[in-house]
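Source file my_file23.txt; content: compact mmCIF, C-alpha atoms.
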```
# COMPACT_ATOMS: atom_id res chain seq x y z
CA MET A 1 17.21 -12.88 -40.32
CA THR A 2 20.79 -11.68 -39.76
CA GLU A 3 21.09 -7.96 -39.21
CA GLN A 4 23.20 -6.33 -41.93
CA PRO A 5 26.22 -4.21 -40.96
CA GLY A 6 25.25 -0.60 -40.48
CA SER A 7 21.53 -1.36 -40.12
CA THR A 8 19.57 -0.17 -37.10
CA ALA A 9 17.17 -2.44 -35.24
CA ALA A 10 13.63 -1.16 -35.00
CA PRO A 11 13.07 0.58 -31.66
CA ARG A 12 10.91 -1.30 -29.17
CA GLY A 13 7.58 0.10 -28.17
CA PRO A 14 7.03 1.57 -24.72
CA VAL A 15 5.88 0.11 -21.45
CA VAL A 16 2.51 1.70 -20.64
CA ILE A 17 1.97 2.39 -16.93
CA VAL A 18 -1.64 3.18 -16.04
CA GLY A 19 -1.74 5.43 -12.98
CA PHE A 20 0.88 7.79 -11.58
CA VAL A 21 2.63 6.52 -8.42
CA GLY A 22 5.54 8.81 -7.60
CA VAL A 23 7.18 6.62 -4.95
CA THR A 24 7.92 3.89 -7.50
CA ILE A 25 9.95 6.18 -9.79
CA PRO A 26 13.37 5.38 -8.24
CA ILE A 27 12.72 1.63 -8.51
CA ILE A 28 11.63 1.84 -12.16
CA GLU A 29 14.59 4.11 -12.96
CA SER A 30 16.93 1.28 -11.97
CA PHE A 31 15.92 -0.93 -14.90
CA GLN A 32 13.90 0.99 -17.52
CA PRO A 33 16.01 2.78 -20.17
CA ASP A 34 15.50 6.38 -21.19
CA GLY A 35 12.36 7.15 -23.16
CA SER A 36 10.85 3.70 -22.62
CA VAL A 37 7.69 4.41 -20.60
CA VAL A 38 4.38 6.09 -21.36
CA TYR A 39 2.15 7.00 -18.42
CA VAL A 40 -1.63 7.12 -18.72
CA GLU A 41 -3.49 9.14 -16.09
CA GLU A 42 -6.84 10.83 -15.61
CA PRO A 43 -6.78 14.53 -16.66
CA ASP A 44 -8.07 15.72 -13.27
CA VAL A 45 -5.41 13.71 -11.45
CA VAL A 46 -2.65 14.98 -13.74
CA ARG A 47 -3.70 18.53 -12.91
CA LYS A 48 -4.24 18.08 -9.17
CA ARG A 49 -1.06 16.09 -8.58
CA GLU A 50 1.08 18.15 -10.99
CA ALA A 51 2.09 14.86 -12.57
CA ARG A 52 3.32 16.39 -15.81
CA ASP A 53 5.85 18.59 -13.99
CA LYS A 54 6.96 15.71 -11.73
CA LEU A 55 7.57 13.39 -14.69
CA ALA A 56 9.28 15.98 -16.90
CA ALA A 57 12.74 15.29 -15.47
CA VAL A 58 12.40 11.50 -15.27
CA GLY A 59 14.63 9.98 -17.93
CA TYR A 60 12.66 6.83 -18.64
CA VAL A 61 9.45 8.74 -19.39
CA ARG A 62 8.59 9.13 -23.07
CA ASP A 63 5.12 10.65 -22.68
CA LEU A 64 2.16 11.24 -20.41
CA ILE A 65 -1.23 10.64 -22.02
CA GLU A 66 -4.27 12.10 -20.28
CA TRP A 67 -7.17 9.66 -20.54
CA GLU A 68 -10.36 9.07 -18.55
CA TYR A 69 -9.52 5.42 -17.99
CA HIS A 70 -11.92 4.92 -15.07
CA LEU A 71 -14.86 4.98 -17.49
CA PRO A 72 -16.23 1.93 -19.37
CA GLY A 73 -15.03 1.38 -22.92
CA LYS A 74 -12.02 3.65 -22.56
CA ALA A 75 -9.45 0.90 -23.14
CA ASP A 76 -10.96 0.02 -26.49
CA GLU A 77 -11.18 3.71 -27.35
CA PHE A 78 -7.51 4.15 -26.38
CA HIS A 79 -6.51 1.21 -28.59
CA ALA A 80 -8.40 2.66 -31.54
CA ALA A 81 -6.86 6.10 -30.99
CA HIS A 82 -3.28 4.78 -30.66
CA PRO A 83 -2.92 1.99 -33.24
CA GLY A 84 0.78 2.62 -33.78
CA LEU A 85 1.81 2.75 -30.12
CA ALA A 86 2.94 -0.90 -30.13
CA PRO A 87 3.50 -1.21 -26.37
CA VAL A 88 5.53 -4.09 -24.95
CA ALA A 89 3.66 -4.22 -21.62
CA ILE A 90 0.66 -2.70 -19.86
CA ILE A 91 1.19 -2.14 -16.12
CA PRO A 92 -1.70 -1.31 -13.75
CA ALA A 93 -0.09 0.86 -11.08
CA ILE A 94 -3.13 1.59 -8.91
CA GLU A 95 -6.36 -0.12 -7.90
CA TYR A 96 -8.62 1.81 -10.26
CA ALA A 97 -6.39 1.04 -13.26
CA VAL A 98 -6.81 -2.74 -13.12
CA PRO A 99 -9.76 -3.22 -15.54
CA PHE A 100 -8.49 -0.68 -18.08
CA ALA A 101 -5.01 -2.22 -18.08
CA ALA A 102 -6.37 -5.75 -18.41
CA ARG A 103 -8.55 -4.85 -21.38
CA LEU A 104 -5.80 -2.79 -23.04
CA ALA A 105 -3.42 -5.74 -22.74
CA GLU A 106 -6.01 -7.93 -24.46
CA ARG A 107 -6.40 -5.45 -27.30
CA TYR A 108 -2.65 -5.19 -27.89
CA GLY A 109 -2.15 -8.95 -27.53
CA LEU A 110 -0.01 -8.69 -24.40
CA PRO A 111 0.09 -10.64 -21.11
CA GLY A 112 -2.35 -9.41 -18.50
CA ALA A 113 -4.84 -10.36 -15.83
CA SER A 114 -7.77 -10.81 -18.30
CA LEU A 115 -10.67 -8.40 -18.26
CA GLY A 116 -12.99 -10.95 -16.67
CA ALA A 117 -10.66 -11.45 -13.71
CA ALA A 118 -10.02 -7.70 -13.38
CA LEU A 119 -13.74 -6.89 -13.18
CA ILE A 120 -14.27 -9.49 -10.47
CA LEU A 121 -11.32 -8.20 -8.46
CA ARG A 122 -12.66 -4.65 -8.63
CA ASP A 123 -16.07 -5.64 -7.24
CA LYS A 124 -15.81 -7.12 -3.75
CA ALA A 125 -19.36 -8.51 -3.94
CA LEU A 126 -18.61 -10.39 -7.16
CA LEU A 127 -15.35 -11.63 -5.70
CA ARG A 128 -17.20 -13.12 -2.74
CA GLN A 129 -19.73 -14.78 -5.06
CA VAL A 130 -17.11 -16.45 -7.26
CA SER A 131 -14.65 -17.38 -4.52
CA ALA A 132 -17.38 -18.94 -2.35
CA ALA A 133 -18.43 -21.09 -5.30
CA ALA A 134 -14.81 -22.29 -5.49
CA GLY A 135 -14.97 -23.44 -1.85
CA ILE A 136 -13.04 -20.54 -0.33
CA ALA A 137 -14.21 -19.39 3.10
CA ASN A 138 -15.91 -15.98 3.08
CA PRO A 139 -17.73 -14.03 5.78
CA ALA A 140 -21.46 -13.58 5.25
CA SER A 141 -21.89 -10.52 3.02
CA VAL A 142 -24.78 -8.63 1.44
CA ARG A 143 -25.21 -5.45 -0.56
CA VAL A 144 -26.88 -2.76 1.52
CA HIS A 145 -28.67 0.38 0.38
CA GLY A 146 -29.33 2.16 3.64
CA PRO A 147 -29.12 1.99 7.43
CA GLN A 148 -32.11 -0.35 7.79
CA ASP A 149 -30.41 -2.96 5.61
CA VAL A 150 -27.41 -2.84 7.96
CA ARG A 151 -29.62 -3.19 11.05
CA ASP A 152 -31.35 -6.16 9.43
CA PHE A 153 -27.96 -7.74 8.78
CA LEU A 154 -26.93 -7.30 12.42
CA ARG A 155 -30.21 -8.84 13.54
CA ASP A 156 -29.88 -11.84 11.23
CA HIS A 157 -26.20 -12.58 11.84
CA GLY A 158 -25.44 -11.28 15.32
CA GLY A 159 -22.15 -9.90 16.53
CA PRO A 160 -20.22 -7.06 14.93
CA ALA A 161 -20.50 -6.26 11.22
CA VAL A 162 -18.14 -4.55 8.83
CA LEU A 163 -19.63 -1.77 6.71
CA LYS A 164 -17.51 -1.17 3.60
CA PRO A 165 -17.58 -0.02 -0.02
CA ALA A 166 -17.43 -2.70 -2.71
CA ASN A 167 -15.28 -0.62 -5.05
CA ARG A 168 -12.80 1.56 -3.14
CA GLN A 169 -9.27 1.25 -1.72
CA ALA A 170 -7.07 2.01 1.33
CA SER A 171 -9.74 1.10 3.94
CA LEU A 172 -11.73 4.12 2.76
CA GLY A 173 -15.28 4.10 4.08
CA VAL A 174 -14.74 0.97 6.22
CA ARG A 175 -15.99 0.69 9.80
CA VAL A 176 -16.79 -2.05 12.28
CA VAL A 177 -20.30 -1.66 13.72
CA HIS A 178 -21.18 -3.38 17.00
CA ASP A 179 -24.65 -2.13 17.82
CA PRO A 180 -27.77 -1.13 15.85
CA ALA A 181 -27.67 2.25 17.60
CA GLU A 182 -24.37 3.01 15.78
CA VAL A 183 -25.69 2.26 12.32
CA ALA A 184 -27.16 5.62 11.30
CA SER A 185 -24.03 7.61 12.13
CA ALA A 186 -21.74 4.89 10.73
CA TRP A 187 -23.67 4.88 7.45
CA GLU A 188 -23.29 8.63 6.99
CA GLU A 189 -19.63 8.46 7.90
CA CYS A 190 -18.84 5.57 5.53
CA LEU A 191 -20.49 7.37 2.61
CA VAL A 192 -17.76 10.03 2.80
CA GLN A 193 -15.32 8.51 0.32
CA ASP A 194 -13.39 11.52 -0.92
CA GLU A 195 -9.82 10.72 -2.05
CA GLY A 196 -9.03 14.29 -3.07
CA ILE A 197 -6.16 14.61 -5.54
CA LEU A 198 -5.91 10.85 -6.08
CA VAL A 199 -9.11 10.48 -8.12
CA PRO A 200 -11.00 12.41 -10.82
CA ASP A 201 -13.39 15.18 -9.81
CA ARG A 202 -16.43 13.38 -11.22
CA PRO A 203 -18.30 11.26 -8.63
CA MET A 204 -17.77 7.52 -8.32
CA ASP A 205 -20.60 5.07 -7.78
CA VAL A 206 -21.31 4.27 -4.13
CA VAL A 207 -21.83 0.53 -3.59
CA MET A 208 -21.89 -0.64 0.04
CA LEU A 209 -21.62 -4.04 1.70
CA ALA A 210 -22.39 -5.30 5.20
CA GLU A 211 -20.23 -8.26 6.20
CA GLN A 212 -19.90 -10.49 9.20
CA PHE A 213 -16.91 -9.53 11.34
CA VAL A 214 -14.27 -12.27 11.49
CA ALA A 215 -11.92 -12.15 14.46
CA GLY A 216 -8.41 -13.36 13.76
CA ASP A 217 -4.93 -12.53 12.56
CA GLU A 218 -4.60 -10.64 9.28
CA TYR A 219 -2.23 -11.38 6.42
CA SER A 220 -1.75 -10.54 2.79
CA VAL A 221 -0.32 -12.71 0.03
CA GLU A 222 1.72 -11.08 -2.72
CA MET A 223 1.99 -13.42 -5.69
CA LEU A 224 3.69 -13.05 -9.07
CA VAL A 225 1.76 -15.07 -11.63
CA ARG A 226 2.48 -16.13 -15.20
CA ARG A 227 -0.21 -17.81 -17.29
CA GLY A 228 -2.11 -18.59 -14.10
CA GLU A 229 0.84 -20.27 -12.37
CA PRO A 230 2.53 -18.75 -9.28
CA LEU A 231 6.19 -17.84 -9.79
CA PHE A 232 6.79 -16.17 -6.42
CA THR A 233 4.76 -16.00 -3.22
CA ASN A 234 5.21 -13.86 -0.11
CA VAL A 235 3.01 -13.67 2.98
CA THR A 236 2.93 -10.36 4.86
CA GLY A 237 1.93 -10.14 8.51
CA LYS A 238 -0.27 -7.22 9.54
CA VAL A 239 -0.90 -5.35 12.78
CA LEU A 240 -3.96 -3.10 12.95
CA TYR A 241 -4.63 -0.04 15.08
CA PRO A 242 -7.21 -0.73 17.78
CA GLY A 243 -10.70 0.64 17.32
CA PRO A 244 -13.54 0.48 14.80
CA TYR A 245 -11.45 1.39 11.75
CA PRO A 246 -9.36 -1.49 10.33
CA VAL A 247 -6.29 0.59 9.46
CA GLU A 248 -2.91 -1.11 9.31
CA GLN A 249 -0.29 -0.01 11.85
CA ALA A 250 2.54 -2.33 10.78
CA HIS A 251 3.61 -4.81 8.10
CA ILE A 252 6.12 -7.61 8.62
CA VAL A 253 7.78 -9.44 5.69
CA PRO A 254 7.72 -12.35 5.63
CA ALA A 255 4.98 -13.05 8.16
CA ASP A 256 6.38 -14.62 11.32
CA ILE A 257 4.17 -17.73 11.16
CA PRO A 258 4.63 -21.51 10.72
CA ALA A 259 5.55 -22.70 7.24
CA GLU A 260 2.33 -24.72 7.09
CA LEU A 261 0.18 -21.61 7.46
CA SER A 262 2.22 -19.71 4.85
CA ALA A 263 1.75 -22.62 2.44
CA LEU A 264 -1.99 -22.70 3.14
CA LEU A 265 -2.38 -18.97 2.47
CA GLY A 266 -0.43 -19.30 -0.78
CA ALA A 267 -2.48 -22.30 -1.86
CA GLN A 268 -5.77 -20.51 -1.14
CA THR A 269 -4.60 -17.49 -3.13
CA ALA A 270 -3.69 -19.71 -6.10
CA ARG A 271 -7.10 -21.38 -5.78
CA LEU A 272 -8.79 -17.98 -5.89
CA LEU A 273 -6.87 -16.93 -9.01
CA ALA A 274 -7.82 -20.14 -10.78
CA ALA A 275 -11.47 -19.49 -9.90
CA ILE A 276 -11.50 -16.00 -11.42
CA GLY A 277 -9.27 -16.86 -14.40
CA PHE A 278 -6.35 -14.57 -13.57
CA GLY A 279 -3.61 -14.75 -16.20
CA ASP A 280 -0.45 -12.68 -15.73
CA GLY A 281 0.67 -10.11 -13.20
CA VAL A 282 0.77 -9.55 -9.45
CA VAL A 283 -1.99 -9.92 -6.89
CA HIS A 284 -2.20 -8.58 -3.36
CA CYS A 285 -4.71 -10.79 -1.58
CA GLU A 286 -5.85 -10.15 2.02
CA TRP A 287 -6.95 -12.85 4.48
CA ILE A 288 -8.08 -13.21 8.09
CA VAL A 289 -7.19 -16.53 9.72
CA SER A 290 -9.71 -17.60 12.35
CA ASP A 291 -9.38 -21.00 14.09
CA GLY A 292 -6.91 -22.06 11.40
CA VAL A 293 -9.23 -21.19 8.49
CA PRO A 294 -8.26 -18.40 6.03
CA TYR A 295 -11.24 -16.16 5.27
CA LEU A 296 -10.98 -13.99 2.19
CA VAL A 297 -11.07 -10.25 2.84
CA GLU A 298 -10.38 -8.89 -0.65
CA CYS A 299 -7.88 -9.19 -3.48
CA ALA A 300 -6.27 -6.60 -5.77
CA GLY A 301 -4.81 -7.29 -9.20
CA ARG A 302 -1.82 -4.96 -8.89
CA MET A 303 1.31 -4.33 -6.86
CA PRO A 304 0.76 -3.89 -3.11
CA GLY A 305 0.91 -0.46 -1.53
CA ASP A 306 1.94 0.59 1.97
CA ALA A 307 5.65 -0.10 1.22
CA ILE A 308 5.12 -3.88 1.00
CA LEU A 309 6.96 -3.86 -2.33
CA ASP A 310 9.99 -2.29 -0.63
CA LEU A 311 9.80 -4.78 2.23
CA ILE A 312 9.81 -7.73 -0.16
CA GLU A 313 12.77 -6.36 -2.09
CA ALA A 314 14.66 -5.81 1.19
CA ALA A 315 13.85 -9.10 2.93
CA TYR A 316 14.47 -11.70 0.25
CA PRO A 317 16.18 -9.84 -1.58
CA LEU A 318 14.35 -9.73 -4.89
CA GLU A 319 13.90 -7.31 -7.78
CA PHE A 320 10.14 -7.67 -7.46
CA MET A 321 9.09 -4.70 -9.59
CA ARG A 322 11.52 -5.61 -12.36
CA SER A 323 10.28 -9.21 -12.32
CA TYR A 324 6.69 -7.94 -12.54
CA PHE A 325 7.52 -5.85 -15.59
CA ALA A 326 9.30 -8.82 -17.18
CA VAL A 327 6.27 -11.09 -16.78
CA LEU A 328 3.96 -8.50 -18.35
CA LYS A 329 6.46 -8.11 -21.21
CA GLY A 330 6.30 -11.86 -21.79
CA GLU A 331 9.92 -12.25 -20.70
CA GLU A 332 11.67 -14.35 -18.09
CA PRO A 333 12.28 -12.66 -14.74
CA PRO A 334 15.82 -11.21 -14.49
CA MET A 335 16.82 -13.52 -11.65
CA GLU A 336 15.93 -16.80 -10.01
CA LEU A 337 12.94 -16.12 -7.79
CA PRO A 338 13.60 -17.12 -4.17
CA GLU A 339 11.36 -19.42 -2.17
CA ARG A 340 12.47 -18.08 1.22
CA ALA A 341 13.54 -14.72 2.59
CA LYS A 342 17.09 -14.25 3.84
CA GLY A 343 16.01 -11.92 6.65
CA GLY A 344 13.10 -9.76 7.65
CA ALA A 345 11.79 -6.26 6.95
CA ALA A 346 9.02 -4.27 8.57
CA VAL A 347 7.28 -0.92 8.54
CA ARG A 348 5.58 0.94 11.36
CA PHE A 349 3.15 3.70 10.44
CA LEU A 350 2.69 6.90 12.42
CA ALA A 351 -0.76 8.30 13.15
CA PRO A 352 -0.90 11.93 14.35
CA GLY A 353 -4.59 11.89 15.23
CA ALA A 354 -7.06 14.67 14.49
CA GLY A 355 -5.68 18.18 14.26
CA THR A 356 -3.00 20.31 12.65
CA VAL A 357 0.63 19.28 12.97
CA VAL A 358 2.56 21.82 15.04
CA SER A 359 5.95 20.12 15.23
CA VAL A 360 7.76 16.92 14.29
CA THR A 361 10.84 15.86 16.25
CA GLY A 362 13.05 12.80 16.50
CA VAL A 363 13.23 12.05 12.79
CA GLU A 364 17.03 12.32 12.63
CA ASP A 365 17.41 10.03 15.63
CA ALA A 366 15.07 7.49 14.04
CA GLU A 367 17.03 7.60 10.78
CA LYS A 368 20.24 6.70 12.68
CA ALA A 369 18.64 3.85 14.63
CA GLU A 370 19.69 0.24 14.09
CA GLY A 371 18.42 -1.38 10.89
CA VAL A 372 16.43 1.63 9.71
CA LEU A 373 16.10 1.96 5.93
CA LEU A 374 13.65 4.85 5.69
CA VAL A 375 11.86 7.45 7.78
CA HIS A 376 9.30 9.64 6.07
CA CYS A 377 7.06 11.91 8.10
CA THR A 378 4.48 14.63 7.72
CA VAL A 379 5.47 18.26 8.14
CA PRO A 380 4.16 21.07 10.35
CA GLY A 381 1.01 22.62 8.94
CA ALA A 382 -0.48 19.38 7.68
CA SER A 383 -4.00 18.62 8.91
CA PHE A 384 -5.56 15.27 9.76
CA GLY A 385 -9.16 14.37 10.50
CA GLY A 386 -8.46 11.36 12.69
CA LEU A 387 -7.53 7.78 11.91
CA ARG A 388 -10.28 6.40 9.68
CA ASN A 389 -8.39 5.08 6.64
CA SER A 390 -4.87 4.62 5.32
CA TRP A 391 -4.66 8.20 4.03
CA ASP A 392 -4.96 9.46 7.64
CA ARG A 393 -1.53 8.16 8.64
CA GLY A 394 1.24 10.73 8.84
CA GLY A 395 4.50 8.87 8.54
CA ILE A 396 6.34 5.60 8.04
CA VAL A 397 9.46 3.95 9.47
CA MET A 398 11.03 0.99 7.65
CA ALA A 399 13.68 -1.33 9.06
CA ARG A 400 15.50 -4.52 8.10
CA GLY A 401 16.62 -7.23 10.54
CA ASP A 402 17.97 -10.74 10.79
CA SER A 403 14.44 -12.11 11.10
CA PRO A 404 10.88 -10.81 10.71
CA ALA A 405 10.50 -10.43 14.48
CA HIS A 406 13.82 -8.59 14.72
CA ALA A 407 12.83 -6.19 11.92
CA HIS A 408 9.47 -5.55 13.58
CA ARG A 409 11.17 -4.66 16.88
CA LEU A 410 13.65 -2.34 15.16
CA ALA A 411 10.91 -0.53 13.23
CA GLY A 412 8.88 -0.12 16.42
CA ALA A 413 11.82 1.21 18.39
CA ALA A 414 12.67 3.77 15.71
CA ALA A 415 9.04 4.83 15.32
CA ALA A 416 8.89 5.50 19.07
CA MET A 417 11.62 8.13 18.63
CA VAL A 418 9.41 10.28 16.39
CA ARG A 419 7.09 12.76 18.09
CA ILE A 420 4.29 14.43 16.14
CA GLU A 421 2.64 17.26 18.10
CA THR A 422 -0.75 18.41 16.88
CA ARG A 423 -3.13 21.25 17.66
CA PRO A 424 -6.70 19.92 18.14
CA PRO A 425 -9.29 20.84 15.50
CA GLY A 426 -10.84 24.25 16.14
CA ASP A 427 -8.02 25.51 18.31
CA SER A 428 -6.37 28.69 17.07
CA PRO A 429 -2.60 29.19 17.15
CA ALA A 430 -1.44 31.20 20.12
CA ALA A 431 -1.25 34.86 19.37
CA GLU A 432 2.26 35.95 18.50
CA LYS A 433 3.93 38.20 20.99
CA PRO A 434 4.99 41.63 19.71
```

Please rewrite the model in this file as structure tokens.
Amino acid sequence: MTEQPGSTAAPRGPVVIVGFVGVTIPIIESFQPDGSVVYVEEPDVVRKREARDKLAAVGYVRDLIEWEYHLPGKADEFHAAHPGLAPVAIIPAIEYAVPFAARLAERYGLPGASLGAALILRDKALLRQVSAAAGIANPASVRVHGPQDVRDFLRDHGGPAVLKPANRQASLGVRVVHDPAEVASAWEECLVQDEGILVPDRPMDVVMLAEQFVAGDEYSVEMLVRRGEPLFTNVTGKVLYPGPYPVEQAHIVPADIPAELSALLGAQTARLLAAIGFGDGVVHCEWIVSDGVPYLVECAGRMPGDAILDLIEAAYPLEFMRSYFAVLKGEEPPMELPERAKGGAAVRFLAPGAGTVVSVTGVEDAEKAEGVLLVHCTVPGASFGGLRNSWDRGGIVMARGDSPAHAHRLAGAAAAMVRIETRPPGDSPAAEKP
């Protein structure tokens, strides 16, 4: 139908973003018009993170709807309560939003992961079950309900084991256990899964796994998928801090590895998505390569965290977030998606250790260093309990270079300029002189 002179086209519905992630606001601002986005977030999180105040001045935000989306049935309830919303896309912004967003997309008839795939991705035990049936290598893994189950696993499988939750994020509650004598204390430690302001106040189910430790190099695959077919694939190299907690110290994009290994990791990720029936969106899939074999660690049905999005956009370059939104709107990506990066980008994380931050120096020098794109660091007065998960890191340095290795060196050199001085736990500040 030809639009008549003077008529006004019906306004498009909003993009619905499930989960508040403040660091993505500048990226989304670059392509979403004013009043085009509705956020959905848990009431407790809105309150604790002051999300309503932080979004009030963001032009693209139309509304913030408080909704307990972690709970079963809440997507269908949301759809029934908002029949006239007419969204054009449903975007899961955080790990815990994936099932709700997938179901809501189904209810509104929009592209999405599919609820079946989302539920498998959110349960690491189910993911192992399905992926193993598809012929993907997995470490031995069992659900455990107490320390004795973990000791039995160590006895039956030998070597170190990884104790981890089946339903959490950011390496929370994850520890490598080498000896049965460690199990009791490790169990109590891993049950502490408090994410503070990032999650609702009501408790979350505790579901634990014991898994065989796989020694090897770690990678993640970030893949943009439309109707089950990969449109773009990146492999990220990872460097972990030493010790019993598998916390990432650095990311390198793209991974500095042979093309054959990159292709294998991409192919295994596509194989996994076919096995679980993933439809549309982005996945962030983690692997350990041991003796040339990729072993599945876990896979998330949303954008990667830890600045990997920024690294991809810097290294290729690519409007990754905008392309993601386009796919979930049922549109073509805004640009031709590259097969190879034009350079490299890397981040190096800073870990203060246990204690209260007394001073931070060297940030300005790091910001002026070669290739540096970003330095963000904790401030004096912040407290840390030691490096046990991703939330315990206190800063990040990002750099771009001519190659992945070059970017990694530049990020490391700049990170070495930053000094974070801490006061050990229990120590009192020195008395002020009169």

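Of the residues listed (A:Leu273, A:Ile65, A:Leu104, A:Cys285), A:Leu104 shows the shortest atom-to-atom separation from Ala80 in chain A; distances use only C-alpha atoms.
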
Residues within 9 Å of (-7.2, -13.2, 13.9), file coords, all atoms listed in the file, listed as a PDB file with C-alpha atoms, in the frame of the given file:
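Result file selection-v1.pdb:
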```pdb
ATOM      1  CA  VAL A 214     -14.270 -12.270  11.490  1.00  0.00           C
ATOM      2  CA  ALA A 215     -11.920 -12.150  14.460  1.00  0.00           C
ATOM      3  CA  GLY A 216      -8.410 -13.360  13.760  1.00  0.00           C
ATOM      4  CA  ASP A 217      -4.930 -12.530  12.560  1.00  0.00           C
ATOM      5  CA  GLU A 218      -4.600 -10.640   9.280  1.00  0.00           C
ATOM      6  CA  ILE A 288      -8.080 -13.210   8.090  1.00  0.00           C
ATOM      7  CA  VAL A 289      -7.190 -16.530   9.720  1.00  0.00           C
ATOM      8  CA  SER A 290      -9.710 -17.600  12.350  1.00  0.00           C
ATOM      9  CA  ASP A 291      -9.380 -21.000  14.090  1.00  0.00           C
TER      10      ASP A 291
END
```

Residues near range 359-371 of chain A, cut-off 7 Å, only C-alpha atoms, skip fewer than 4 positions along chain, as a short mmCIF file (atom, residue, chain, number, x, y, z; two decimals) with C-alpha atoms, in the coordinates of the input:
```cif
data_model
loop_
_atom_site.label_atom_id
_atom_site.label_comp_id
_atom_site.auth_asym_id
_atom_site.auth_seq_id
_atom_site.Cartn_x
_atom_site.Cartn_y
_atom_site.Cartn_z
CA VAL A 375 11.86 7.45 7.78
CA VAL A 379 5.47 18.26 8.14
CA PRO A 380 4.16 21.07 10.35
CA ALA A 399 13.68 -1.33 9.06
CA ARG A 400 15.50 -4.52 8.10
CA GLY A 401 16.62 -7.23 10.54
CA LEU A 410 13.65 -2.34 15.16
CA ALA A 414 12.67 3.77 15.71
CA ALA A 415 9.04 4.83 15.32
CA MET A 417 11.62 8.13 18.63
CA VAL A 418 9.41 10.28 16.39
CA ARG A 419 7.09 12.76 18.09
CA ILE A 420 4.29 14.43 16.14
CA GLU A 421 2.64 17.26 18.10
#
```

Distance query range 107-117 of chain A at most 6 Å, all atoms listed in the file, self and fewer than 6 positions along chain excluded, as a PyMOL selection string
chain A and resi 99+276-280+328

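Each of A:Pro139, A:Gly412, A:Gly381, A:Gly305 was compared to Gln249 in chain A using all atoms listed in the file, and A:Gly412 turns out to be the nearest.
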
Could you name the residues that touch Ile252 in chain A at 8 Å or less, counting all atoms listed in the file, but leaving out those on the same chain fewer than 2 positions away, as a list in words?
Thr236, Gly237, Lys238, Ala250, Pro254, Ala255, Asp256, Leu311, Gly344, Ala345, Ala346, Val347, Pro404, Ala405, Ala407 and His408 of chain A

Write out, as JSON lines, each residue of range 161-247 of chain A that has an atom at most 12 Å from range 17-37 of chain A, together with the closest pair of atoms and their distance in Å to one decimal, counting all atoms listed in the file, rows going by chain and rising number.
```
{"residue": "A:Ile197", "atom": "CA", "partner": "A:Phe20", "partner_atom": "CA", "distance": 11.5}
{"residue": "A:Leu198", "atom": "CA", "partner": "A:Phe20", "partner_atom": "CA", "distance": 9.3}
{"residue": "A:Val199", "atom": "CA", "partner": "A:Gly19", "partner_atom": "CA", "distance": 10.2}
{"residue": "A:Pro200", "atom": "CA", "partner": "A:Gly19", "partner_atom": "CA", "distance": 11.8}
```

Please return range 388-398 of chain A, rebuilt to N, CA and C atoms, as a short mmCIF file (atom, residue, chain, number, x, y, z; two decimals), keeping the file's coordinate frame.
```cif
data_model
loop_
_atom_site.label_atom_id
_atom_site.label_comp_id
_atom_site.auth_asym_id
_atom_site.auth_seq_id
_atom_site.Cartn_x
_atom_site.Cartn_y
_atom_site.Cartn_z
N ARG A 388 -9.15 7.15 10.21
CA ARG A 388 -10.28 6.40 9.68
C ARG A 388 -9.92 5.55 8.47
N ASN A 389 -8.83 5.89 7.78
CA ASN A 389 -8.39 5.08 6.64
C ASN A 389 -6.88 5.27 6.46
N SER A 390 -6.32 4.61 5.49
CA SER A 390 -4.87 4.62 5.32
C SER A 390 -4.32 6.00 5.01
N TRP A 391 -5.14 6.86 4.38
CA TRP A 391 -4.66 8.20 4.03
C TRP A 391 -4.50 9.08 5.26
N ASP A 392 -5.03 8.66 6.42
CA ASP A 392 -4.96 9.46 7.64
C ASP A 392 -3.67 9.24 8.43
N ARG A 393 -2.81 8.36 7.96
CA ARG A 393 -1.53 8.16 8.64
C ARG A 393 -0.53 9.24 8.20
N GLY A 394 0.38 9.59 9.11
CA GLY A 394 1.24 10.73 8.84
C GLY A 394 2.71 10.43 8.72
N GLY A 395 3.09 9.17 8.67
CA GLY A 395 4.50 8.87 8.54
C GLY A 395 4.74 7.38 8.50
N ILE A 396 5.98 7.00 8.16
CA ILE A 396 6.34 5.60 8.04
C ILE A 396 7.80 5.43 8.43
N VAL A 397 8.09 4.34 9.13
CA VAL A 397 9.46 3.95 9.47
C VAL A 397 9.66 2.53 8.96
N MET A 398 10.74 2.30 8.21
CA MET A 398 11.03 0.99 7.65
C MET A 398 12.38 0.51 8.16
#
```
